[in-house]
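Source file: upload-v3.cif. Holds: mmCIF, C-alpha atoms.
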```
data_run
#
loop_
_atom_site.label_atom_id
_atom_site.label_comp_id
_atom_site.auth_asym_id
_atom_site.auth_seq_id
_atom_site.Cartn_x
_atom_site.Cartn_y
_atom_site.Cartn_z
CA MET O 76 -12.66 23.43 35.63
CA ASN O 77 -12.62 19.64 35.29
CA ASP O 78 -11.32 19.97 31.72
CA VAL O 79 -8.51 22.22 32.93
CA LEU O 80 -7.53 19.69 35.60
CA LYS O 81 -7.51 16.90 33.01
CA VAL O 82 -5.19 18.90 30.74
CA LEU O 83 -2.87 19.72 33.64
CA GLY O 84 -2.81 16.07 34.66
CA LEU O 85 -1.92 14.95 31.14
CA MET O 86 0.85 17.56 30.98
CA LEU O 87 2.35 16.19 34.20
CA VAL O 88 2.26 12.68 32.79
CA ILE O 89 3.97 13.85 29.60
CA ALA O 90 6.64 15.69 31.55
CA SER O 91 7.45 12.71 33.76
CA CYS O 92 7.36 10.37 30.75
CA SER O 93 9.89 12.44 28.80
CA GLN O 94 12.25 12.94 31.72
CA SER O 95 12.81 9.38 32.88
CA PRO O 96 12.21 5.87 31.54
CA GLN O 97 9.50 3.85 33.20
CA THR O 98 11.32 0.57 32.65
CA GLU O 99 14.90 -0.65 32.45
CA SER O 100 16.67 0.87 29.46
CA ILE O 101 17.66 -1.45 26.64
CA SER O 102 19.49 0.78 24.19
CA ASN O 103 23.07 1.70 25.02
CA ASN O 104 25.08 4.28 23.12
CA ALA O 105 28.21 2.16 23.58
CA ASP O 106 26.59 -0.59 21.46
CA TYR O 107 25.95 1.50 18.37
CA ALA O 108 28.04 4.69 18.56
CA LYS O 109 30.64 3.21 16.22
CA TYR O 110 27.95 2.80 13.54
CA LEU O 111 26.89 6.44 13.63
CA ASN O 112 28.45 8.18 10.67
CA THR O 113 27.57 11.64 9.46
CA GLN O 114 29.79 11.30 6.41
CA PRO O 115 27.99 10.87 3.08
CA THR O 116 27.71 7.32 1.81
CA ASN O 117 30.47 6.40 -0.61
CA LEU O 118 28.66 6.34 -3.94
CA GLU O 119 31.75 6.15 -6.13
CA PRO O 120 31.50 2.39 -6.91
CA LEU O 121 27.87 2.72 -7.98
CA GLU O 122 28.55 5.91 -9.94
CA LYS O 123 31.34 4.10 -11.79
CA GLN O 124 28.91 1.29 -12.59
CA GLU O 125 26.44 3.85 -13.92
CA VAL O 126 29.07 5.32 -16.27
CA PHE O 127 30.19 1.85 -17.35
CA TRP O 128 26.70 0.63 -18.31
CA ILE O 129 25.81 3.88 -20.06
CA LYS O 130 28.98 3.50 -22.13
CA LYS O 131 27.96 -0.07 -23.00
CA ILE O 132 24.52 1.15 -24.09
CA VAL O 133 26.08 3.81 -26.32
CA GLU O 134 28.22 1.12 -27.93
CA GLU O 135 25.33 -1.33 -28.29
CA PRO O 136 21.95 0.51 -28.05
CA ARG O 137 19.96 -2.72 -28.40
CA GLY O 138 21.85 -4.59 -25.67
CA PHE O 139 18.91 -5.15 -23.33
CA THR O 140 21.05 -6.69 -20.57
CA PHE O 141 22.98 -3.41 -20.33
CA TYR O 142 19.73 -1.58 -19.63
CA GLU O 143 18.84 -4.12 -16.96
CA LYS O 144 22.24 -3.67 -15.31
CA LEU O 145 21.87 0.11 -15.44
CA GLY O 146 18.38 -0.13 -13.95
CA SER O 147 19.68 -2.25 -11.07
CA THR O 148 22.43 0.31 -10.47
CA TYR O 149 19.89 3.13 -10.26
CA HIS O 150 17.84 1.06 -7.84
CA GLN O 151 20.90 0.61 -5.62
CA LEU O 152 21.61 4.34 -5.80
CA PHE O 153 18.08 5.01 -4.57
CA LYS O 154 18.60 2.69 -1.63
CA LYS O 155 21.85 4.42 -0.71
CA THR O 156 20.71 8.03 -1.17
CA GLY O 157 16.95 8.10 -0.81
CA ASP O 158 16.83 10.21 -3.98
CA VAL O 159 13.52 9.18 -5.52
CA ASN O 160 14.65 10.45 -8.94
CA TYR O 161 16.73 7.28 -9.20
CA LEU O 162 13.51 5.24 -9.09
CA ASP O 163 12.26 7.11 -12.14
CA LYS O 164 15.57 6.57 -13.93
CA ALA O 165 15.46 2.86 -13.09
CA ASP O 166 11.87 2.64 -14.33
CA SER O 167 12.78 4.31 -17.62
CA VAL O 168 15.65 1.98 -18.47
CA PHE O 169 13.70 -1.16 -17.49
CA VAL O 170 10.91 -0.03 -19.82
CA ILE O 171 13.45 0.18 -22.64
CA ALA O 172 14.84 -3.24 -21.72
CA GLN O 173 11.50 -4.98 -21.96
CA LYS O 174 10.74 -3.26 -25.29
CA LEU O 175 13.98 -4.64 -26.71
CA THR O 176 13.13 -8.22 -25.76
CA GLN O 177 10.69 -10.89 -26.79
CA GLY O 178 8.97 -13.74 -24.96
CA ARG O 179 10.52 -14.96 -21.74
CA TRP O 180 13.42 -12.50 -22.09
CA LYS O 181 10.97 -9.78 -21.02
CA ILE O 182 10.41 -11.36 -17.61
CA PRO O 183 13.35 -9.89 -15.61
CA SER O 184 12.59 -6.31 -16.65
CA LEU O 185 8.84 -6.79 -16.09
CA LEU O 186 9.43 -8.08 -12.55
CA SER O 187 11.81 -5.20 -11.89
CA LEU O 188 9.15 -2.77 -13.11
CA SER O 189 6.62 -4.43 -10.81
CA SER O 190 8.97 -4.06 -7.83
CA LEU O 191 9.62 -0.39 -8.64
CA ALA O 192 5.89 0.28 -9.00
CA ILE O 193 5.33 -1.05 -5.48
CA LYS O 194 7.98 1.28 -4.11
CA LYS O 195 6.29 4.19 -5.88
CA HIS O 196 2.87 3.09 -4.51
CA ASP O 197 1.52 2.42 -7.99
CA PHE O 198 0.15 -0.94 -6.93
CA GLN O 199 -2.26 -1.58 -9.80
CA LYS O 200 0.56 -1.09 -12.28
CA ALA O 201 2.65 -3.50 -10.20
CA VAL O 202 -0.06 -6.16 -10.63
CA THR O 203 -0.20 -5.51 -14.38
CA TYR O 204 3.54 -6.02 -14.80
CA ALA O 205 3.52 -9.18 -12.66
CA VAL O 206 0.62 -10.67 -14.65
CA MET O 207 2.38 -9.87 -17.92
CA ALA O 208 5.48 -11.70 -16.68
CA ASN O 209 3.35 -14.62 -15.52
CA GLU O 210 1.83 -15.04 -18.97
CA LEU O 211 5.28 -15.38 -20.56
CA THR O 212 6.61 -18.30 -18.54
CA GLU O 213 5.81 -21.81 -17.41
CA GLU O 214 7.56 -21.06 -14.11
CA LYS O 215 4.87 -19.03 -12.35
CA PHE O 216 6.46 -18.85 -8.90
CA GLY O 217 8.34 -15.53 -9.14
CA PRO O 218 5.66 -13.54 -10.99
CA LEU O 219 2.92 -14.81 -8.68
CA LEU O 220 4.83 -13.83 -5.54
CA MET O 221 5.38 -10.35 -6.98
CA GLN O 222 1.66 -10.17 -7.69
CA PHE O 223 1.00 -11.25 -4.10
CA ASP O 224 2.93 -8.24 -2.79
CA ALA O 225 0.83 -5.84 -4.84
CA GLU O 226 -2.50 -7.58 -4.11
CA MET O 227 -1.85 -7.26 -0.36
CA GLU O 228 -1.35 -3.51 -0.75
CA LEU O 229 -4.53 -3.25 -2.80
CA GLY O 230 -6.51 -5.07 -0.12
CA ASN O 231 -7.24 -8.06 -2.37
CA TYR O 232 -6.65 -10.52 0.45
CA GLN O 233 -8.59 -13.43 -1.06
CA MET O 234 -6.49 -13.21 -4.20
CA ALA O 235 -3.34 -13.02 -2.11
CA ARG O 236 -4.38 -16.10 -0.14
CA ALA O 237 -5.12 -17.97 -3.39
CA ILE O 238 -1.62 -17.11 -4.66
CA LEU O 239 -0.08 -18.51 -1.47
CA ASP O 240 -2.07 -21.73 -1.89
CA LYS O 241 -0.99 -22.03 -5.52
CA THR O 242 2.73 -21.38 -4.91
CA LYS O 243 3.27 -23.27 -1.65
CA ARG O 244 6.97 -24.08 -1.16
CA MET O 245 7.86 -24.44 2.50
CA ASN O 246 11.58 -24.65 1.68
CA SER O 247 11.62 -21.33 -0.17
CA PHE O 248 12.77 -18.10 1.46
CA ASP O 249 10.65 -16.02 -0.94
CA TYR O 250 7.52 -18.03 -0.16
CA LEU O 251 8.00 -18.07 3.61
CA VAL O 252 8.41 -14.30 3.90
CA ARG O 253 5.10 -13.86 2.05
CA LEU O 254 3.43 -16.43 4.28
CA SER O 255 4.80 -14.53 7.28
CA LYS O 256 3.36 -11.30 5.93
CA TYR O 257 -0.05 -12.88 5.44
CA LYS O 258 -0.08 -14.33 8.96
CA ASP O 259 0.76 -10.89 10.31
CA HIS O 260 -2.17 -9.48 8.34
CA GLU O 261 -4.40 -12.08 9.98
CA GLY O 262 -3.23 -10.96 13.41
CA ASP O 263 -1.30 -14.19 14.04
CA LEU O 264 1.99 -12.60 15.07
CA ASP O 265 3.42 -15.78 16.61
CA SER O 266 3.07 -17.63 13.29
CA ALA O 267 4.40 -14.62 11.39
CA ILE O 268 7.53 -14.67 13.53
CA TYR O 269 7.87 -18.45 13.20
CA TYR O 270 7.81 -18.34 9.40
CA MET O 271 10.16 -15.36 9.22
CA GLU O 272 12.61 -17.19 11.51
CA LYS O 273 12.31 -20.25 9.28
CA ALA O 274 12.95 -18.12 6.19
CA ASN O 275 15.97 -16.57 7.87
CA GLY O 276 17.38 -20.03 8.51
CA LEU O 277 17.31 -20.81 4.78
CA ILE O 278 19.55 -17.92 3.79
CA LEU O 279 22.96 -18.97 2.50
CA ARG O 280 26.14 -17.32 3.75
CA HIS O 281 26.73 -15.33 0.56
CA GLN O 282 23.17 -13.93 0.42
CA LYS O 283 23.98 -10.81 2.40
CA GLU O 284 21.11 -8.61 1.20
CA GLN O 285 18.53 -11.23 2.13
CA LYS O 286 20.17 -11.69 5.54
CA LEU O 287 20.07 -7.98 6.27
CA TRP O 288 16.45 -7.64 5.20
CA ALA O 289 15.20 -10.73 7.05
CA THR O 290 17.06 -9.94 10.28
CA ALA O 291 15.77 -6.36 10.29
CA ASN O 292 12.22 -7.58 9.69
CA LEU O 293 12.55 -10.07 12.53
CA ALA O 294 13.68 -7.20 14.74
CA ASP O 295 10.50 -5.33 13.84
CA MET O 296 8.34 -8.35 14.60
CA TYR O 297 10.02 -9.02 17.94
CA GLY O 298 9.29 -5.43 18.87
CA HIS O 299 5.62 -5.79 17.96
CA ALA O 300 5.49 -8.94 20.11
CA GLY O 301 6.94 -7.09 23.09
CA ARG O 302 10.31 -8.83 22.81
CA ILE O 303 12.20 -5.55 22.85
CA LYS O 304 15.58 -7.00 23.88
CA ASP O 305 15.43 -9.49 21.01
CA SER O 306 14.43 -6.68 18.68
CA TYR O 307 17.35 -4.51 19.76
CA ALA O 308 19.81 -7.42 19.50
CA ASN O 309 18.72 -8.12 15.93
CA TYR O 310 19.09 -4.50 14.88
CA LEU O 311 22.65 -4.61 16.24
CA LYS O 312 23.24 -7.90 14.39
CA VAL O 313 22.27 -6.18 11.14
CA LEU O 314 24.72 -3.34 11.79
CA THR O 315 27.56 -5.78 12.41
CA LEU O 316 26.92 -7.12 8.91
CA ASP O 317 26.50 -3.69 7.31
CA SER O 318 27.15 -0.53 9.31
CA THR O 319 25.40 1.55 6.63
CA TYR O 320 22.05 -0.28 6.93
CA ASP O 321 20.16 2.76 8.18
CA TYR O 322 16.85 0.96 8.66
CA ALA O 323 18.38 -0.92 11.60
CA MET O 324 19.70 2.30 13.12
CA LYS O 325 16.22 3.78 12.81
CA GLY O 326 14.92 0.74 14.70
CA ILE O 327 17.40 1.40 17.51
CA ALA O 328 16.21 5.03 17.63
CA TRP O 329 12.67 3.73 18.14
CA VAL O 330 13.81 1.46 20.99
CA ALA O 331 15.51 4.43 22.64
CA TYR O 332 12.42 6.60 22.18
CA SER O 333 9.43 4.31 22.62
CA HIS O 334 10.77 1.87 25.23
CA ASP O 335 13.51 3.76 27.05
CA ARG O 336 11.98 7.25 26.71
CA ASN O 337 15.51 8.45 25.97
CA THR O 338 14.60 11.28 23.65
CA ILE O 339 18.14 12.69 23.64
CA GLU O 340 19.68 9.51 22.21
CA ALA O 341 16.81 8.95 19.81
CA ARG O 342 17.11 12.49 18.47
CA GLU O 343 20.87 12.14 18.00
CA ILE O 344 20.42 8.98 15.95
CA LEU O 345 17.65 10.44 13.80
CA LYS O 346 19.50 13.67 13.06
CA ASN O 347 22.49 11.60 12.05
CA LEU O 348 20.34 9.54 9.69
CA GLN O 349 18.61 12.62 8.27
CA GLN O 350 21.95 13.89 6.97
CA LYS O 351 22.42 10.72 4.93
CA THR O 352 19.19 10.61 2.94
CA ALA O 353 17.10 12.78 0.65
CA LEU O 354 13.89 11.18 1.95
CA PRO O 355 11.84 13.19 4.48
CA ASP O 356 10.93 10.24 6.76
CA TYR O 357 12.98 11.22 9.79
CA PHE O 358 11.33 14.63 10.13
CA LEU O 359 8.20 12.78 11.31
CA LEU O 360 9.92 11.00 14.18
CA LEU O 361 11.79 14.15 15.16
CA ALA O 362 8.46 15.98 15.27
CA GLU O 363 6.97 13.27 17.50
CA ILE O 364 9.90 13.46 19.91
CA SER O 365 9.53 17.25 20.07
CA GLU O 366 5.82 16.87 20.81
CA LEU O 367 6.54 14.49 23.67
CA GLU O 368 8.95 17.05 25.10
CA GLU O 369 6.27 19.75 24.66
CA LYS O 370 8.45 21.67 22.19
CA LYS O 371 5.47 22.57 20.05
CA VAL O 372 7.16 25.16 17.81
CA GLU O 373 9.99 22.76 17.06
CA ALA O 374 7.51 19.97 16.33
CA GLU O 375 5.58 22.15 13.88
CA ASN O 376 8.81 23.16 12.17
CA TYR O 377 9.70 19.52 11.59
CA LYS O 378 6.21 18.84 10.24
CA ASP O 379 6.52 21.79 7.86
CA LEU O 380 9.89 20.51 6.65
CA PHE O 381 8.29 17.13 6.02
CA LEU O 382 5.33 18.60 4.14
CA VAL O 383 7.55 20.73 1.90
CA GLU O 384 9.57 17.70 0.80
CA ALA O 385 6.86 15.02 0.83
CA GLY O 386 4.51 17.29 -1.13
CA LYS O 387 6.78 17.32 -4.16
CA SER O 388 5.27 15.65 -7.22
CA LYS O 389 8.21 13.25 -7.59
CA TYR O 390 6.97 11.28 -4.57
CA GLY O 391 3.51 10.65 -5.99
CA GLY O 392 1.44 9.24 -3.15
CA MET O 393 4.30 7.64 -1.22
CA TYR O 394 3.70 9.79 1.87
CA ASN O 395 -0.04 10.45 1.68
CA LYS O 396 -0.76 8.61 4.93
CA TYR O 397 1.49 10.95 6.92
CA VAL O 398 0.47 14.04 5.00
CA ILE O 399 -3.17 13.28 5.85
CA ASP O 400 -2.34 12.98 9.55
CA ILE O 401 -0.53 16.33 9.59
CA LEU O 402 -3.34 18.03 7.66
CA ILE O 403 -5.82 16.76 10.25
CA GLY O 404 -3.70 18.29 13.00
CA GLN O 405 -3.78 21.59 11.09
CA ASN O 406 -7.58 21.38 10.68
CA ASN O 407 -7.11 21.30 6.91
CA PHE O 408 -9.84 18.71 6.50
CA ASP O 409 -10.80 19.43 2.90
CA GLU O 410 -7.30 18.64 1.66
CA ALA O 411 -7.01 15.62 3.98
CA ILE O 412 -10.29 14.17 2.74
CA LYS O 413 -9.25 14.77 -0.87
CA LEU O 414 -6.05 12.77 -0.34
CA ALA O 415 -7.83 10.02 1.62
CA GLU O 416 -10.48 9.60 -1.06
CA GLU O 417 -7.76 9.48 -3.68
CA GLU O 418 -6.04 6.66 -1.77
CA VAL O 419 -9.30 4.73 -1.33
CA SER O 420 -9.97 4.97 -5.05
CA LYS O 421 -6.50 3.58 -5.85
CA ARG O 422 -6.43 0.81 -3.22
CA PRO O 423 -9.61 0.30 -1.19
CA ASN O 424 -8.16 -1.57 1.78
CA PRO O 425 -8.83 -1.23 5.54
CA ALA O 426 -5.90 1.15 6.00
CA THR O 427 -7.01 3.70 3.41
CA TYR O 428 -10.62 3.54 4.60
CA ASP O 429 -9.25 4.21 8.08
CA TRP O 430 -7.53 7.36 6.85
CA LEU O 431 -10.82 8.55 5.38
CA GLY O 432 -12.88 7.61 8.45
CA TRP O 433 -10.37 9.20 10.83
CA THR O 434 -10.40 12.44 8.84
CA LEU O 435 -14.18 12.59 8.81
CA PHE O 436 -14.34 11.95 12.57
CA ASN O 437 -11.87 14.72 13.32
CA GLN O 438 -13.88 17.03 11.09
CA GLY O 439 -16.93 16.32 13.24
CA LYS O 440 -18.70 14.04 10.76
CA SER O 441 -19.00 11.16 13.22
CA GLU O 442 -21.90 9.33 11.58
CA GLU O 443 -20.12 9.20 8.23
CA ALA O 444 -16.98 7.98 9.97
CA ILE O 445 -18.80 5.22 11.86
CA LYS O 446 -20.41 4.01 8.64
CA ILE O 447 -17.00 3.69 6.99
CA TYR O 448 -15.51 1.84 9.96
CA ARG O 449 -18.49 -0.53 10.23
CA GLU O 450 -18.57 -1.38 6.53
CA ASN O 451 -14.90 -1.33 5.50
CA VAL O 452 -12.56 -1.57 8.48
CA GLN O 453 -13.98 -3.39 11.49
CA GLY O 454 -12.82 -7.02 11.57
CA GLU O 455 -10.69 -6.56 8.46
CA THR O 456 -7.37 -5.62 10.04
CA PHE O 457 -5.36 -6.01 13.24
CA GLU O 458 -3.09 -2.99 12.72
CA PRO O 459 -2.67 -1.27 16.12
CA GLU O 460 -3.04 2.25 14.71
CA VAL O 461 -6.34 1.36 13.05
CA ILE O 462 -7.59 -0.35 16.22
CA TYR O 463 -6.64 2.79 18.17
CA HIS O 464 -8.56 5.00 15.74
CA MET O 465 -11.64 2.79 15.99
CA GLY O 466 -11.33 2.88 19.76
CA VAL O 467 -11.30 6.68 19.80
CA VAL O 468 -14.21 7.02 17.36
CA TYR O 469 -16.42 4.40 18.99
CA HIS O 470 -15.59 5.51 22.54
CA ALA O 471 -16.36 9.15 21.73
CA LEU O 472 -19.79 8.14 20.48
CA GLY O 473 -20.52 5.87 23.44
CA ILE O 474 -20.38 2.66 21.40
CA SER O 475 -19.49 -0.32 23.60
CA GLU O 476 -16.68 -1.64 21.39
CA GLY O 477 -14.76 1.58 21.91
CA GLN O 478 -13.47 0.59 25.33
CA ASP O 479 -12.37 -2.82 24.03
CA TYR O 480 -10.53 -1.33 21.08
CA LEU O 481 -8.73 1.20 23.25
CA GLU O 482 -7.65 -1.51 25.68
CA GLU O 483 -6.51 -3.70 22.77
CA SER O 484 -4.47 -0.88 21.23
CA LEU O 485 -2.88 -0.19 24.62
CA GLN O 486 -1.28 -3.63 24.38
CA ALA O 487 0.62 -2.30 21.35
CA SER O 488 1.89 0.79 23.18
CA TYR O 489 5.52 0.15 22.17
CA GLU O 490 4.57 0.01 18.49
CA LEU O 491 2.27 3.04 18.70
CA GLY O 492 4.70 5.14 20.71
CA PRO O 493 4.53 7.27 23.86
CA LEU O 494 2.28 10.04 22.49
CA VAL O 495 -0.50 7.71 21.37
CA THR O 496 -0.12 5.65 24.56
CA LEU O 497 -0.72 8.77 26.67
CA GLU O 498 -3.77 9.61 24.58
CA ILE O 499 -5.20 6.10 25.01
CA LYS O 500 -4.68 6.14 28.78
CA SER O 501 -6.28 9.56 29.02
CA ARG O 502 -9.38 8.42 27.12
CA LEU O 503 -9.70 5.24 29.16
CA LYS O 504 -9.60 7.27 32.37
CA GLY O 505 -12.14 9.71 30.99
#
```
How does this structure look as structure tokens?
Amino acid sequence: MNDVLKVLGLMLVIASCSQSPQTESISNNADYAKYLNTQPTNLEPLEKQEVFWIKKIVEEPRGFTFYEKLGSTYHQLFKKTGDVNYLDKADSVFVIAQKLTQGRWKIPSLLSLSSLAIKKHDFQKAVTYAVMANELTEEKFGPLLMQFDAEMELGNYQMARAILDKTKRMNSFDYLVRLSKYKDHEGDLDSAIYYMEKANGLILRHQKEQKLWATANLADMYGHAGRIKDSYANYLKVLTLDSTYDYAMKGIAWVAYSHDRNTIEAREILKNLQQKTALPDYFLLLAEISELEEKKVEAENYKDLFLVEAGKSKYGGMYNKYVIDILIGQNNFDEAIKLAEEEVSKRPNPATYDWLGWTLFNQGKSEEAIKIYRENVQGETFEPEVIYHMGVVYHALGISEGQDYLEESLQASYELGPLVTLEIKSRLKG
């Protein structure tokens, strides 16, 4: 009977949460409606570039700079369309470019290959390319920073820290954004924001891409720090610079959903974005919104749509984290554990160990899960989702730290979202 009352109580909380915001709304349709555009992105300029560079390659098959230009065009097409096939095309032409060159002329294509490998979650290959570039030049700065990005993903934090010490340039945008990332990893969000703001201040007027990226990242950080109005204002600032910068619009959708509890506006934004990309990302947020509204069939449909697309071989392991989470919800633990173990083998960092530990816990293998968290996760990361998972696991087993972790993760309720926040509050009451 008590369990039934608990479920009924949680349902009432969910219903009230989805019907009305608990705080003053920040997002306003009038601010961003003009940026919503369901029309396909105009790809004609990039498609013309593609044709132009292919023609140049036909005329001069050994012209390595033509391959580099074509690779950059494919990379831009990926950004505009979300079609991951363009990443493979870019990779192929950069491979040709570096084969056609000798010595330091290989460096641009090697660094491009490293960057593409990171996007495709092939982080060890990204390190290999960056190291190869490093060995070909006296100017180590660029290759080392690219290596830093990959080492962070692999969980090689000591190596990443050593790279920062070796490349220290406090007047460099590229250095400061890496320093910001490392401070965020250490849980020092205030310093992370400080260095990202400092990096943003170094951007020149003509460096539009850097401005867009840095301002959007600052918006994310402000949100994590609870500065939701500043976060929202920065997303809008990005859109004034480039109305097609969908990452900023996604950020506004999160403000509407997580802070304002305005699921109607959030859904409208996300459905608009979904029509403009081949990537399956937005199905996940749409599923979460449907769950909050207790539209369980709709939520499962969105998850199925995500799994169908994300499960295609062309994505490699890009979406394994989210696939694992959905598989857990479907009680498909064998497949979830297989994917989690695969990720741990490729990059044994606190996040991937968390995926494995969380799967084992949900499967009922609590002792195995605790061992993983104790040995590979605890004290190694400050990511709110990981802290939340540890809180649930430890609390369920009566371990004293569980309460502390749950309370700590509750402080990141905006970042974790309404569904997880409700779950945390329910466990703390129980």
> Of the residues O:Met465, O:Val252, O:Leu211, O:Ile401, which is the one nearest to Gly432 in chain O, using all atoms listed in the file?
Replying inline: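 Under the stated criterion, the closest residue is O:Met465.
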Would you give the centre and edge lengths, in Å to one decimal, of a box along x, y and z around the listed atoms of range 224-241 of chain O, with 6 Å added to each side, as AutoDock Vina command-line options?
```
--center_x -2.8 --center_y -12.6 --center_z -2.5 --size_x 23.5 --size_y 30.8 --size_z 18.0
```
>> When you count all atoms listed in the file, which of these residues is closest to Gln282 in chain O: O:Val461, O:Leu485, O:Ala411, O:Leu316?
In response: O:Leu316
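Coordinates place CA of Tyr142 in chain O at a distance of 23.3 Å from CA of Asn117 in chain O.
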>> Applying 9 Å and all atoms listed in the file, which residues near Leu359 in chain O remain after dropping the ones on its own chain fewer than 4 positions away? List them as a list in words.
In response: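 Those residues are Pro355, Glu363, Ile364, Ala374, Tyr377, Lys378, Phe381 and Tyr397 of chain O.
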> Excluding same-chain residues fewer than 5 positions from Leu481 in chain O, what lies within 9 Å of it counting all atoms listed in the file, as a list in words?
Replying inline: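 Using all atoms listed in the file, the neighbours found are Ile462, Tyr463, His464, Met465, Gly466, Val467, His470, Glu476, Gln486, Ile499, Lys500, Arg502 and Leu503 of chain O.
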Grab the residues selected above and save them as a PDB file, in the coordinates of the input with C-alpha atoms.
```
ATOM      1  CA  ILE O 462      -7.590  -0.350  16.220  1.00  0.00           C
ATOM      2  CA  TYR O 463      -6.640   2.790  18.170  1.00  0.00           C
ATOM      3  CA  HIS O 464      -8.560   5.000  15.740  1.00  0.00           C
ATOM      4  CA  MET O 465     -11.640   2.790  15.990  1.00  0.00           C
ATOM      5  CA  GLY O 466     -11.330   2.880  19.760  1.00  0.00           C
ATOM      6  CA  VAL O 467     -11.300   6.680  19.800  1.00  0.00           C
ATOM      7  CA  HIS O 470     -15.590   5.510  22.540  1.00  0.00           C
ATOM      8  CA  GLU O 476     -16.680  -1.640  21.390  1.00  0.00           C
ATOM      9  CA  GLN O 486      -1.280  -3.630  24.380  1.00  0.00           C
ATOM     10  CA  ILE O 499      -5.200   6.100  25.010  1.00  0.00           C
ATOM     11  CA  LYS O 500      -4.680   6.140  28.780  1.00  0.00           C
ATOM     12  CA  ARG O 502      -9.380   8.420  27.120  1.00  0.00           C
ATOM     13  CA  LEU O 503      -9.700   5.240  29.160  1.00  0.00           C
TER      14      LEU O 503
END
```
> For Glu410 in chain O, which residue out of O:Thr427, O:Thr496, O:Ser365, O:Gln438 is the nearest one, using all atoms listed in the file?
Replying inline: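 Of O:Thr427, O:Thr496, O:Ser365, O:Gln438, the one nearest Glu410 in chain O is O:Gln438, counting all atoms listed in the file.
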>> At a cut-off of 7 Å, using all atoms listed in the file, what residues contact Glu125 in chain O? Leave out same-chain residues fewer than 4 positions from it and give the result as an MDAnalysis selection string.
In response: chainID O and resid 121 129 145 148
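Nearest to Val419 in chain O of all the residues O:Leu494, O:Leu229, O:Ile238, O:Leu287 is O:Leu229, based on all atoms listed in the file.
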